[in-house]
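As stored in query-v1.tsv (TSV, C-alpha atoms):
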```tsv
chain	number	residue	atom	x	y	z
A	1	MET	CA	127.79	103.29	90.03
A	2	PHE	CA	126.95	101.32	93.14
A	3	GLU	CA	124.48	98.46	93.36
A	4	ILE	CA	122.86	96.73	96.32
A	5	SER	CA	120.31	93.93	96.48
A	6	SER	CA	117.96	92.44	99.00
A	7	GLU	CA	115.75	89.36	98.92
A	8	ILE	CA	112.35	88.60	100.39
A	9	ASN	CA	109.87	85.72	100.18
A	10	PHE	CA	106.11	85.62	99.89
A	11	ALA	CA	103.50	82.92	99.42
A	12	ALA	CA	100.58	83.37	97.04
A	13	ALA	CA	98.20	81.56	94.73
A	14	HIS	CA	97.51	82.24	91.07
A	15	HIS	CA	96.29	80.69	87.86
A	16	LEU	CA	97.34	81.54	84.34
A	17	ARG	CA	94.40	82.35	82.09
A	18	GLU	CA	94.48	80.75	78.61
A	19	TYR	CA	97.56	78.68	79.53
A	20	CYS	CA	96.17	75.35	78.28
A	21	GLY	CA	97.88	73.24	80.92
A	22	SER	CA	97.97	72.51	84.62
A	23	CYS	CA	99.04	76.08	85.47
A	24	GLU	CA	95.59	77.20	84.34
A	25	ASN	CA	94.31	75.66	87.60
A	26	LEU	CA	94.56	77.57	90.86
A	27	HIS	CA	97.85	76.70	92.58
A	28	GLY	CA	100.39	78.34	94.84
A	29	HIS	CA	104.08	79.11	95.10
A	30	ASN	CA	106.57	80.29	97.65
A	31	TRP	CA	108.02	83.14	95.61
A	32	LEU	CA	111.49	84.65	96.06
A	33	VAL	CA	112.06	88.26	95.05
A	34	ARG	CA	115.41	90.02	94.68
A	35	ALA	CA	115.38	93.79	94.31
A	36	THR	CA	118.50	95.50	93.01
A	37	VAL	CA	118.88	99.26	93.28
A	38	ARG	CA	121.62	101.58	92.06
A	39	ALA	CA	123.08	104.86	93.21
A	40	LYS	CA	125.68	107.05	91.51
A	41	GLU	CA	127.20	108.20	94.79
A	42	LEU	CA	127.64	107.07	98.35
A	43	ASP	CA	126.32	109.05	101.28
A	44	LYS	CA	128.63	110.72	103.81
A	45	ILE	CA	129.17	107.46	105.72
A	46	GLY	CA	129.91	105.41	102.59
A	47	LEU	CA	126.54	103.76	101.86
A	48	ALA	CA	124.61	103.70	98.61
A	49	LEU	CA	121.54	102.82	100.68
A	50	ASP	CA	121.07	101.19	104.05
A	51	PHE	CA	120.00	97.57	103.50
A	52	LYS	CA	117.31	98.13	106.15
A	53	ILE	CA	115.67	100.80	103.98
A	54	LEU	CA	115.70	98.60	100.89
A	55	LYS	CA	114.26	95.69	102.85
A	56	LYS	CA	111.59	97.93	104.45
A	57	HIS	CA	110.44	99.32	101.09
A	58	LEU	CA	110.51	95.88	99.47
A	59	LYS	CA	108.42	94.45	102.32
A	60	ILE	CA	105.80	97.21	101.89
A	61	VAL	CA	105.36	96.22	98.24
A	62	VAL	CA	105.52	92.46	98.69
A	63	ASP	CA	103.15	92.44	101.68
A	64	LYS	CA	100.39	93.40	99.21
A	65	LEU	CA	101.06	90.11	97.36
A	66	ASP	CA	101.54	87.81	100.34
A	67	HIS	CA	98.88	85.15	101.00
A	68	VAL	CA	96.47	86.37	98.33
A	69	ASP	CA	95.10	85.08	95.06
A	70	LEU	CA	97.24	87.14	92.69
A	71	ASN	CA	94.49	87.06	90.07
A	72	THR	CA	92.57	89.52	92.26
A	73	ILE	CA	95.42	92.03	91.82
A	74	PHE	CA	96.31	91.18	88.22
A	75	THR	CA	92.86	91.47	86.68
A	76	GLU	CA	93.91	92.66	83.21
A	77	GLU	CA	97.01	90.51	82.75
A	78	ASN	CA	98.18	87.12	83.94
A	79	PRO	CA	99.99	87.02	87.28
A	80	SER	CA	103.06	85.48	85.66
A	81	SER	CA	106.49	85.82	87.22
A	82	GLU	CA	107.29	88.34	84.49
A	83	ASN	CA	104.29	90.52	85.32
A	84	ILE	CA	104.89	90.20	89.06
A	85	ALA	CA	108.48	91.41	88.54
A	86	LYS	CA	107.22	94.40	86.54
A	87	TYR	CA	104.59	95.22	89.19
A	88	ILE	CA	107.18	95.14	91.99
A	89	TYR	CA	109.58	97.26	89.92
A	90	PHE	CA	107.07	100.08	89.50
A	91	GLU	CA	105.65	99.93	93.02
A	92	LEU	CA	109.13	99.96	94.55
A	93	SER	CA	110.20	102.78	92.23
A	94	LYS	CA	107.34	104.93	93.54
A	95	LEU	CA	108.62	104.54	97.11
A	96	PHE	CA	112.20	105.45	96.20
A	97	SER	CA	111.18	108.47	94.14
A	98	VAL	CA	109.66	109.97	97.29
A	99	ASP	CA	111.99	108.77	100.07
A	100	ASN	CA	115.37	108.33	98.34
A	101	PRO	CA	115.46	110.07	94.95
A	102	GLN	CA	119.21	109.48	94.59
A	103	VAL	CA	118.54	105.72	94.46
A	104	PHE	CA	116.71	104.01	91.61
A	105	VAL	CA	115.38	100.52	91.13
A	106	PHE	CA	117.53	98.75	88.59
A	107	ARG	CA	116.17	95.21	88.41
A	108	ILE	CA	113.63	92.90	89.99
A	109	ASP	CA	114.12	89.12	89.85
A	110	VAL	CA	111.25	86.80	90.76
A	111	TRP	CA	111.64	83.06	91.33
A	112	GLU	CA	108.41	81.12	91.07
A	113	THR	CA	110.24	77.89	91.83
A	114	PRO	CA	113.91	77.19	92.57
A	115	GLY	CA	115.87	77.45	89.35
A	116	ASN	CA	113.18	79.38	87.43
A	117	CYS	CA	113.50	83.16	87.47
A	118	ALA	CA	111.92	86.03	85.55
A	119	SER	CA	113.32	89.57	85.63
A	120	TYR	CA	112.18	93.09	84.84
A	121	PHE	CA	114.39	96.12	84.28
A	122	GLU	CA	114.46	99.17	82.04
```
Structure encoded using structure tokens:
Amino acid sequence: MFEISSEINFAAAHHLREYCGSCENLHGHNWLVRATVRAKELDKIGLALDFKILKKHLKIVVDKLDHVDLNTIFTEENPSSENIAKYIYFELSKLFSVDNPQVFVFRIDVWETPGNCASYFE
């Protein structure tokens, strides 16, 4: 099994409903996202996936979150780092199922602040 990762940043605001603390107020973060994908085999030139393709797909997904109030996207659940990681996982998986079915999303890590990371994987 081969694994590659790529990172991207985005800036967005959110507030956590029913939090009972300062995070219940609208505030923003500069988020860091790491996407890790896996492939069972390498292609004919020895790549699991070109980093450019991973970065391109990740940017498509994350651009929907950049410079927005995340509560407008996450209307049924809180826009927590955990839920953001899950959202990115499924949106990125949709892109790979069409363009690169031999590659699958393994894990998404989301840093809300340096040193504080939430992950989603199956």
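Compared by their closest atoms to Tyr89 in chain A, and using only C-alpha atoms, the residues A:Ala35, A:Leu42, A:Leu49, A:Val103 rank with A:Ala35 nearest.
Counting all atoms listed in the file and comparing A:Ser119, A:Ser81, A:Thr113, A:Ser93, the residue that lies closest to Leu16 in chain A is A:Ser81.
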Could you give me the axis-aligned bounding box of range 2-14 of chain A, with 6 Å of padding per side, as centre plus edge lengths in Å to one decimal, as AutoDock Vina command-line options?
```
--center_x 112.2 --center_y 91.4 --center_z 95.7 --size_x 41.4 --size_y 31.8 --size_z 21.3
```
I'd like the neighbourhood of Asn78 in chain A as a list in words, where a residue qualifies if any of its atoms comes within 8 Å (using only C-alpha atoms), though same-chain residues fewer than 6 positions away should be ignored. His15, Leu16, Arg17 and Asn71 of chain A
Which residue, A:Ala85, A:Ile73, A:Val105, A:Met1, has the smallest gap to Glu41 in chain A when you use all atoms listed in the file? A:Met1
Between CA of Tyr120 in chain A and CA of Pro101 in chain A lies a distance of 20.0 Å
Using CA of Asp66 in chain A and CA of Tyr87 in chain A as the two end points, give the distance in Å to one decimal. 13.7 Å
Show me, as a JSON list (two decimals) with C-alpha atoms, in the coordinates of the input, the residues that have an atom within 10 Å of Lys86 in chain A when counting only C-alpha atoms, minus same-chain residues fewer than 4 positions from it.
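Saved to around.json:
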```
[["chain", "number", "residue", "atom", "x", "y", "z"],
["A", 80, "SER", "CA", 103.06, 85.48, 85.66],
["A", 81, "SER", "CA", 106.49, 85.82, 87.22],
["A", 82, "GLU", "CA", 107.29, 88.34, 84.49],
["A", 90, "PHE", "CA", 107.07, 100.08, 89.50],
["A", 91, "GLU", "CA", 105.65, 99.93, 93.02],
["A", 92, "LEU", "CA", 109.13, 99.96, 94.55],
["A", 107, "ARG", "CA", 116.17, 95.21, 88.41],
["A", 108, "ILE", "CA", 113.63, 92.90, 89.99],
["A", 109, "ASP", "CA", 114.12, 89.12, 89.85],
["A", 110, "VAL", "CA", 111.25, 86.80, 90.76],
["A", 118, "ALA", "CA", 111.92, 86.03, 85.55],
["A", 119, "SER", "CA", 113.32, 89.57, 85.63],
["A", 120, "TYR", "CA", 112.18, 93.09, 84.84],
["A", 121, "PHE", "CA", 114.39, 96.12, 84.28],
["A", 122, "GLU", "CA", 114.46, 99.17, 82.04]]
```
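CA of Ala13 in chain A lies 17.0 Å from CA of Cys117 in chain A.
Shortest separation to Phe96 in chain A among A:Ile53, A:Val62, A:Ile84, A:Ala48 occurs at residue A:Ile53, atoms counted being all atoms listed in the file.
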Using only C-alpha atoms, which protein or nucleic acid residues come within 12 Å of Ala11 in chain A? Drop anything in the same chain fewer than 6 positions from it, and give the result as a list in words. His27, Gly28, His29, Asn30, Trp31, Leu32, Val33, Val62, Asp63, Lys64, Leu65, Asp66, His67, Val68, Asp69, Leu70, Trp111, Glu112 and Thr113 of chain A
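Minimum atom-to-atom distances from A:Ile45, A:Pro79, A:Lys55, A:Thr72 to Leu95 in chain A were compared using only C-alpha atoms, and the lowest value belongs to A:Lys55.
Among the candidates A:Ser6, A:Asn116, A:Gln102, A:Asn83, the residue lying nearest to Lys52 in chain A is A:Ser6 (atoms considered: only C-alpha atoms).
Counting all atoms listed in the file, Phe2 in chain A has the following residues at most 7 Å away, ignoring those fewer than 4 positions along the same chain: Arg38, Ala39, Lys40 and Ala48 of chain A.
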